[in-house]
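Below: one structure, written as structure tokens.
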Amino acid sequence: MIRTLLIANRGEIAIRIARTARSMGIRSIGVFSDIDRDALHVRAMDEAHGIGPADPSQSYLNADRILRVAHDTRSDGIHPGYGFLAENAGFAARCVEEGISFVGPTAHAIALTGDKIAARQAMARAGIPVTRGADRVVRSVREAREVAKDLGFPVLFKATGGGGGIGMSRVDGADRLAAAFESARSVARTNFGNPDLFLESYLERARHIEVQVVLGPRGSGVVLGERECSVQRRHQKLVEETPSPALSPRQRKQIGAAALRGLRTLGYTNAGTVEFLFHEGRFTFNEVNARLQVEHPVTELVAGVDLVRQQLLVASGEDLEVSPSKVRLRGHALECRINAEDPIHGFLPSPGRVLAYSEPEGPGIRVDSGIERGSEVPPMYDPLVAKVIVHGRTRADSIRRMREALASFDIRGIRTTIPFHQALLRHSEFRRGHLWTTMVADLRIAGRLQGRGPAEARVAAIAAALASTPGLFALAARERFLPPRGSAWAIAGSRERLGGRDALRSRRRW
């Protein structure tokens, strides 16, 4: 068993991994960049070490510095979390070469799944339906036109070495093909160091459904249900849930079996997620995420399985604690990603200092967070600051519980996606389970928040009047003029330092 684990990440995921490591008697070693010296994840570790400047290329992406800390602390395992080095085959290989267990799949499996064309070909050989496309690199606009003509518009440019929705570009007609090709190549080169693209058919109003699989070192494997991840903006997930409201029991069994068969074909071990597009009653393979997913908590709540614990067991050469015959999926879970972004203004990043912070609490509510009152949210990292996850008996129960949780979640000093989530949960299409990957833009859900502009301006004017005429406060409260806790204005309001007691509470154990 791994005795000392270096967690090569930051924020909420580093804290979440450390929590499980501690429960298993494993010592956790954290790392931090200069700007993260006082971050919450640093204090969650048994020991933490600096690895360089704020620029991720010189810190969290610097394999040499991370491995040096691993050797200095005698760490015998490294968990990469997600992002940064999590799907870097070269880093996984170096860990093994230097005698350190990499908590994830093998370098070979990471390389194979990281090449989107190779992964598509492997899945097709395993008899799994694959989204229609050209399984070769498109190297010129002329070649792209030929492929697109064969596929039929709309089409989607995708980076062969991409992931996380980055580098995708939809093209609706031939007149936009050249510009989209150059733009997608530039994004792919910048983000992945590889400009290569391929083309897929773009499926209108498709759903994004993924399957969570964990495979042990001796052939064991278990499917822990699917997750519906169709609520996205610019190919980035905002809300996830399990089970999917779209699948019948028969479809659920089929998609789970396909995911397990596909990963076994790749010789895959550890936790992995197979993503599918679900369109007109059938599913087709999209890609493999060779790591722990951001949205893994919804699976944990419904399956009753700690996925990080299973990852650590497999990485230590031990078998899974759970078998297919023992899997019992109970109830419904929903997750909202709380990003430091302004949904009223196109989800622009909103870095800054957190002036007040109070998490929701209660039965069936879990919060995985990387911030507290006084935390600095830096501009150079992913904007995810917390995740609210709820568990209920039914989907309707989960939606109700999530609405209550978000209403009591108080974050001030930075703008967050909470107002967007509140608007989404009220929308009739979401409540009916009618979801598709472009619904946020198609229904202008974030745009509806802008319609509150006059009301927000009215609230701001009242607040200014209260500041100069304290006697008006009682009247305003009586007339319900004050913004409700959790409203867009309350969350995105004054950036001045707030007095009062520290809102930091001890984290719940789950």
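FYI, nothing fancy with the structure tokens labels: chains A, B, ... in order, residues from 1 per chain, ligands from 1 as they appear.
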
Inset, instruction - Run DSSP on the backbone and grab whatever in region 94-273 of chain A lands in strand (DSSP E); send it over as a PyMOL selection string. - result: chain A and resi 101-102+155-159+169-171+197-201+207-215+221-233+236-242+270-273

Go ahead and save the residues from that selection, with N, CA and C atoms, as a compact mmCIF listing (two decimals), in the first residue's frame.
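Final output, selection05.txt:
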# COMPACT_ATOMS: atom_id res chain seq x y z
N SER A 101 4.61 5.13 -7.67
CA SER A 101 3.34 4.67 -8.24
C SER A 101 2.54 5.87 -8.73
N PHE A 102 2.10 5.80 -9.97
CA PHE A 102 1.25 6.85 -10.53
C PHE A 102 -0.20 6.44 -10.33
N VAL A 155 -20.28 20.42 -39.13
CA VAL A 155 -19.19 19.54 -38.71
C VAL A 155 -18.47 20.18 -37.53
N LEU A 156 -17.61 19.38 -36.89
CA LEU A 156 -16.90 19.85 -35.71
C LEU A 156 -15.42 19.56 -35.86
N PHE A 157 -14.59 20.61 -35.82
CA PHE A 157 -13.14 20.41 -35.73
C PHE A 157 -12.81 20.02 -34.30
N LYS A 158 -11.95 19.00 -34.12
CA LYS A 158 -11.50 18.59 -32.80
C LYS A 158 -9.99 18.38 -32.84
N ALA A 159 -9.33 18.75 -31.75
CA ALA A 159 -7.89 18.55 -31.64
C ALA A 159 -7.61 17.07 -31.37
N SER A 169 -14.43 23.35 -32.59
CA SER A 169 -14.98 24.47 -33.35
C SER A 169 -16.04 23.95 -34.32
N ARG A 170 -17.28 24.40 -34.10
CA ARG A 170 -18.39 23.99 -34.96
C ARG A 170 -18.40 24.85 -36.23
N VAL A 171 -18.68 24.20 -37.35
CA VAL A 171 -18.75 24.89 -38.63
C VAL A 171 -20.08 24.53 -39.30
N LEU A 197 -5.72 18.39 -36.24
CA LEU A 197 -7.17 18.36 -36.09
C LEU A 197 -7.76 17.20 -36.88
N PHE A 198 -8.97 16.80 -36.49
CA PHE A 198 -9.76 15.90 -37.33
C PHE A 198 -11.19 16.42 -37.32
N LEU A 199 -12.03 15.86 -38.15
CA LEU A 199 -13.41 16.32 -38.30
C LEU A 199 -14.41 15.24 -37.94
N GLU A 200 -15.45 15.64 -37.22
CA GLU A 200 -16.57 14.77 -36.90
C GLU A 200 -17.87 15.43 -37.36
N SER A 201 -18.87 14.63 -37.59
CA SER A 201 -20.21 15.18 -37.82
C SER A 201 -20.67 15.84 -36.52
N ARG A 207 -27.15 14.72 -26.50
CA ARG A 207 -26.87 14.72 -25.07
C ARG A 207 -25.46 14.18 -24.84
N HIS A 208 -24.82 14.66 -23.77
CA HIS A 208 -23.49 14.17 -23.38
C HIS A 208 -23.69 13.26 -22.18
N ILE A 209 -23.47 11.96 -22.39
CA ILE A 209 -23.63 10.99 -21.31
C ILE A 209 -22.34 10.19 -21.19
N GLU A 210 -21.81 10.11 -19.97
CA GLU A 210 -20.54 9.41 -19.74
C GLU A 210 -20.73 8.30 -18.72
N VAL A 211 -19.88 7.30 -18.81
CA VAL A 211 -19.97 6.12 -17.93
C VAL A 211 -18.72 6.02 -17.08
N GLN A 212 -18.92 5.85 -15.77
CA GLN A 212 -17.80 5.70 -14.84
C GLN A 212 -17.44 4.23 -14.69
N VAL A 213 -16.17 3.93 -14.98
CA VAL A 213 -15.68 2.55 -14.87
C VAL A 213 -14.43 2.55 -14.00
N VAL A 214 -14.25 1.50 -13.22
CA VAL A 214 -13.00 1.28 -12.48
C VAL A 214 -12.55 -0.14 -12.75
N LEU A 215 -11.27 -0.29 -13.14
CA LEU A 215 -10.73 -1.62 -13.46
C LEU A 215 -9.53 -1.91 -12.56
N GLY A 221 -13.37 -5.52 -13.01
CA GLY A 221 -13.86 -4.25 -13.51
C GLY A 221 -15.30 -4.04 -13.10
N VAL A 222 -15.67 -2.80 -12.87
CA VAL A 222 -17.02 -2.50 -12.42
C VAL A 222 -17.49 -1.21 -13.06
N VAL A 223 -18.76 -1.21 -13.46
CA VAL A 223 -19.42 -0.01 -13.99
C VAL A 223 -20.24 0.60 -12.86
N LEU A 224 -20.01 1.89 -12.60
CA LEU A 224 -20.70 2.57 -11.50
C LEU A 224 -21.72 3.57 -12.02
N GLY A 225 -22.40 3.20 -13.09
CA GLY A 225 -23.46 4.04 -13.61
C GLY A 225 -22.97 5.11 -14.56
N GLU A 226 -23.93 5.87 -15.07
CA GLU A 226 -23.62 6.93 -16.02
C GLU A 226 -23.88 8.30 -15.40
N ARG A 227 -23.35 9.33 -16.05
CA ARG A 227 -23.59 10.70 -15.63
C ARG A 227 -24.08 11.50 -16.83
N GLU A 228 -25.10 12.27 -16.63
CA GLU A 228 -25.59 13.20 -17.66
C GLU A 228 -24.85 14.52 -17.48
N CYS A 229 -24.14 14.93 -18.54
CA CYS A 229 -23.31 16.15 -18.48
C CYS A 229 -23.64 17.09 -19.63
N SER A 230 -24.90 17.18 -19.99
CA SER A 230 -25.30 17.92 -21.17
C SER A 230 -25.36 19.43 -20.95
N VAL A 231 -25.46 19.88 -19.70
CA VAL A 231 -25.53 21.32 -19.45
C VAL A 231 -24.12 21.89 -19.52
N GLN A 232 -23.83 22.58 -20.63
CA GLN A 232 -22.48 23.07 -20.90
C GLN A 232 -22.55 24.48 -21.48
N ARG A 233 -21.44 25.17 -21.40
CA ARG A 233 -21.26 26.41 -22.16
C ARG A 233 -19.88 26.35 -22.78
N GLN A 236 -17.86 23.34 -22.10
CA GLN A 236 -17.39 23.15 -20.73
C GLN A 236 -18.60 22.83 -19.84
N LYS A 237 -18.49 21.78 -19.05
CA LYS A 237 -19.61 21.34 -18.22
C LYS A 237 -19.90 22.32 -17.08
N LEU A 238 -21.18 22.47 -16.77
CA LEU A 238 -21.61 23.32 -15.67
C LEU A 238 -22.40 22.56 -14.61
N VAL A 239 -23.15 21.55 -15.06
CA VAL A 239 -24.00 20.75 -14.16
C VAL A 239 -23.91 19.29 -14.59
N GLU A 240 -23.87 18.40 -13.61
CA GLU A 240 -23.84 16.97 -13.90
C GLU A 240 -24.81 16.25 -12.97
N GLU A 241 -25.33 15.12 -13.43
CA GLU A 241 -26.26 14.37 -12.58
C GLU A 241 -26.20 12.88 -12.92
N THR A 242 -26.66 12.08 -12.00
CA THR A 242 -26.80 10.65 -12.22
C THR A 242 -27.99 10.14 -11.42
N ASN A 270 -7.40 1.21 -13.38
CA ASN A 270 -7.73 2.36 -12.55
C ASN A 270 -9.05 2.98 -13.00
N ALA A 271 -9.37 4.17 -12.50
CA ALA A 271 -10.65 4.81 -12.82
C ALA A 271 -10.58 5.48 -14.19
N GLY A 272 -11.63 5.36 -14.95
CA GLY A 272 -11.71 6.00 -16.26
C GLY A 272 -13.15 6.27 -16.63
N THR A 273 -13.33 7.24 -17.48
CA THR A 273 -14.68 7.62 -17.91
C THR A 273 -14.75 7.57 -19.43

Legend entry - Residue neighbourhood Arg37 (chain A), 10 Å, only C-alpha atoms, exclusion window fewer than 3 positions, as a VMD selection string: chain A and resid 31 to 34 40 to 43 48 to 50 54

Write the selection just made, keeping C-alpha atoms, as a PDB file, in the first residue's frame?
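New file result-v4.pdb:
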ATOM      1  CA  VAL A  31       2.590  21.360  -3.495  1.00  0.00           C
ATOM      2  CA  PHE A  32       1.913  25.029  -4.116  1.00  0.00           C
ATOM      3  CA  SER A  33       2.965  27.832  -6.411  1.00  0.00           C
ATOM      4  CA  ASP A  34       4.090  31.153  -5.002  1.00  0.00           C
ATOM      5  CA  LEU A  40      -6.650  26.346   1.699  1.00  0.00           C
ATOM      6  CA  HIS A  41      -5.299  23.166   0.097  1.00  0.00           C
ATOM      7  CA  VAL A  42      -1.854  23.825   1.601  1.00  0.00           C
ATOM      8  CA  ARG A  43      -3.254  23.578   5.133  1.00  0.00           C
ATOM      9  CA  ALA A  48       3.467  21.060   1.706  1.00  0.00           C
ATOM     10  CA  HIS A  49       6.277  22.368  -0.492  1.00  0.00           C
ATOM     11  CA  GLY A  50       6.643  25.258  -2.901  1.00  0.00           C
ATOM     12  CA  ALA A  54       2.377  31.288 -10.319  1.00  0.00           C
TER      13      ALA A  54
END

Inset, instruction - Any chance you could list, as a PyMOL selection string, the residues in region 39-223 of chain A that come up alpha helix (DSSP H) when DSSP is run on the backbone? - result: chain A and resi 40-43+63-72+89-97+107-114+116-125+141-151+177-192

Inset, instruction - Would you mind listing what lies within 10 Å of Gly304 (chain A) as a ChimeraX atom specification, with only C-alpha atoms counted and same-chain residues fewer than 3 positions away left out? - result: /A:224,297-301,307,327-330

Inset, instruction - For His79 (chain A), work out the shell of residues within 12 Å, counting only C-alpha atoms and skipping chain neighbours fewer than 3 positions away, then give it as a ChimeraX atom specification. - result: /A:2,4-10,13-18,20-21,28-31,66-67,70,75-76,82-87,91-92,95,100-105,270,291-292,308-309,311-312,315-316

Legend entry - d(CA of Ile35 (chain A), CA of Arg68 (chain A)) in Å: 19.9 Å

Legend entry - Residue contacts of region 249-254 of chain A (10 Å, only C-alpha atoms) excluding same-chain residues fewer than 2 positions away, as a list in words: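 The residues that qualify are Val211, Val223, Gly225, Glu226, Pro243, Ser244, Ala246, Leu247, Gly256, Ala257, Ala258, Ala259, Gly281, Arg282 and Phe283 of chain A.
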
Inset, instruction - Would you mind telling me which residue in A:Thr160, A:Asp368, A:Ile51, A:His434 lies nearest to Gly193 (chain A) when using only C-alpha atoms? - result: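 Of A:Thr160, A:Asp368, A:Ile51, A:His434, the one nearest Gly193 (chain A) is A:Thr160, counting only C-alpha atoms.
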
Neighbour list for Val385 (chain A) as a PDB file with C-alpha atoms, in the first residue's frame, cut-off 12 Å, only C-alpha atoms, skip fewer than 4 positions in-chain:
ATOM      1  CA  ARG A  10      -4.358  22.443  -5.996  1.00  0.00           C
ATOM      2  CA  GLY A  11      -7.762  23.652  -4.832  1.00  0.00           C
ATOM      3  CA  GLU A  12     -10.766  21.515  -4.040  1.00  0.00           C
ATOM      4  CA  ILE A  13      -9.517  18.344  -5.724  1.00  0.00           C
ATOM      5  CA  ALA A  14      -6.263  18.349  -3.740  1.00  0.00           C
ATOM      6  CA  ILE A  15      -8.258  18.704  -0.508  1.00  0.00           C
ATOM      7  CA  ALA A  39      -4.243  28.610  -0.161  1.00  0.00           C
ATOM      8  CA  LEU A  40      -6.650  26.346   1.699  1.00  0.00           C
ATOM      9  CA  HIS A  41      -5.299  23.166   0.097  1.00  0.00           C
ATOM     10  CA  VAL A 294     -14.505  16.759 -11.743  1.00  0.00           C
ATOM     11  CA  CYS A 336     -23.382  22.368  -9.698  1.00  0.00           C
ATOM     12  CA  ARG A 337     -19.897  23.673 -10.457  1.00  0.00           C
ATOM     13  CA  ILE A 338     -19.350  26.969  -8.684  1.00  0.00           C
ATOM     14  CA  ASN A 339     -16.926  28.876 -10.885  1.00  0.00           C
ATOM     15  CA  ALA A 340     -15.443  32.313 -10.256  1.00  0.00           C
ATOM     16  CA  GLU A 341     -17.116  33.617 -13.400  1.00  0.00           C
ATOM     17  CA  PRO A 349     -13.469  35.096 -15.193  1.00  0.00           C
ATOM     18  CA  SER A 350     -13.900  36.872 -11.864  1.00  0.00           C
ATOM     19  CA  PRO A 351     -10.670  36.525  -9.886  1.00  0.00           C
ATOM     20  CA  GLY A 352     -10.216  38.354  -6.601  1.00  0.00           C
ATOM     21  CA  ARG A 353     -10.384  38.019  -2.838  1.00  0.00           C
ATOM     22  CA  VAL A 354     -13.231  36.166  -1.145  1.00  0.00           C
ATOM     23  CA  TYR A 357     -17.906  32.606   2.621  1.00  0.00           C
ATOM     24  CA  VAL A 367     -19.665  20.745  -0.669  1.00  0.00           C
ATOM     25  CA  ASP A 368     -16.168  20.156  -2.085  1.00  0.00           C
ATOM     26  CA  SER A 369     -14.461  23.520  -1.821  1.00  0.00           C
ATOM     27  CA  GLY A 370     -11.019  25.026  -2.258  1.00  0.00           C
ATOM     28  CA  ILE A 371     -11.716  28.443  -0.746  1.00  0.00           C
ATOM     29  CA  GLU A 372     -12.634  30.153   2.498  1.00  0.00           C
ATOM     30  CA  SER A 375      -8.896  33.258  -0.013  1.00  0.00           C
ATOM     31  CA  GLU A 376      -7.425  34.771  -3.144  1.00  0.00           C
ATOM     32  CA  VAL A 377      -8.801  33.365  -6.409  1.00  0.00           C
ATOM     33  CA  PRO A 378      -5.935  33.863  -8.894  1.00  0.00           C
ATOM     34  CA  PRO A 379      -6.560  34.566 -12.575  1.00  0.00           C
ATOM     35  CA  TYR A 381      -5.841  28.787 -12.952  1.00  0.00           C
ATOM     36  CA  ILE A 411     -19.879  33.967  -1.445  1.00  0.00           C
ATOM     37  CA  ILE A 414     -16.040  37.520  -6.467  1.00  0.00           C
ATOM     38  CA  ARG A 415     -18.784  36.876  -8.987  1.00  0.00           C
ATOM     39  CA  THR A 416     -19.840  33.250  -9.304  1.00  0.00           C
ATOM     40  CA  THR A 417     -22.054  31.019 -11.436  1.00  0.00           C
ATOM     41  CA  ILE A 418     -24.619  30.605  -8.637  1.00  0.00           C
TER      42      ILE A 418
END

Inset, instruction - For each of A:Glu98, A:Thr394, A:Ser183, A:Arg27, take the minimum atom-to-atom distance to Thr73 (chain A), counting only C-alpha atoms, then give the residue where this is smallest. - result: A:Arg27

Inset, instruction - Calculate how many Å separate CA of Gly216 (chain A) from CA of Arg94 (chain A), rounding to one decimal. - result: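 Separation between CA of Gly216 (chain A) and CA of Arg94 (chain A): 21.6 Å.
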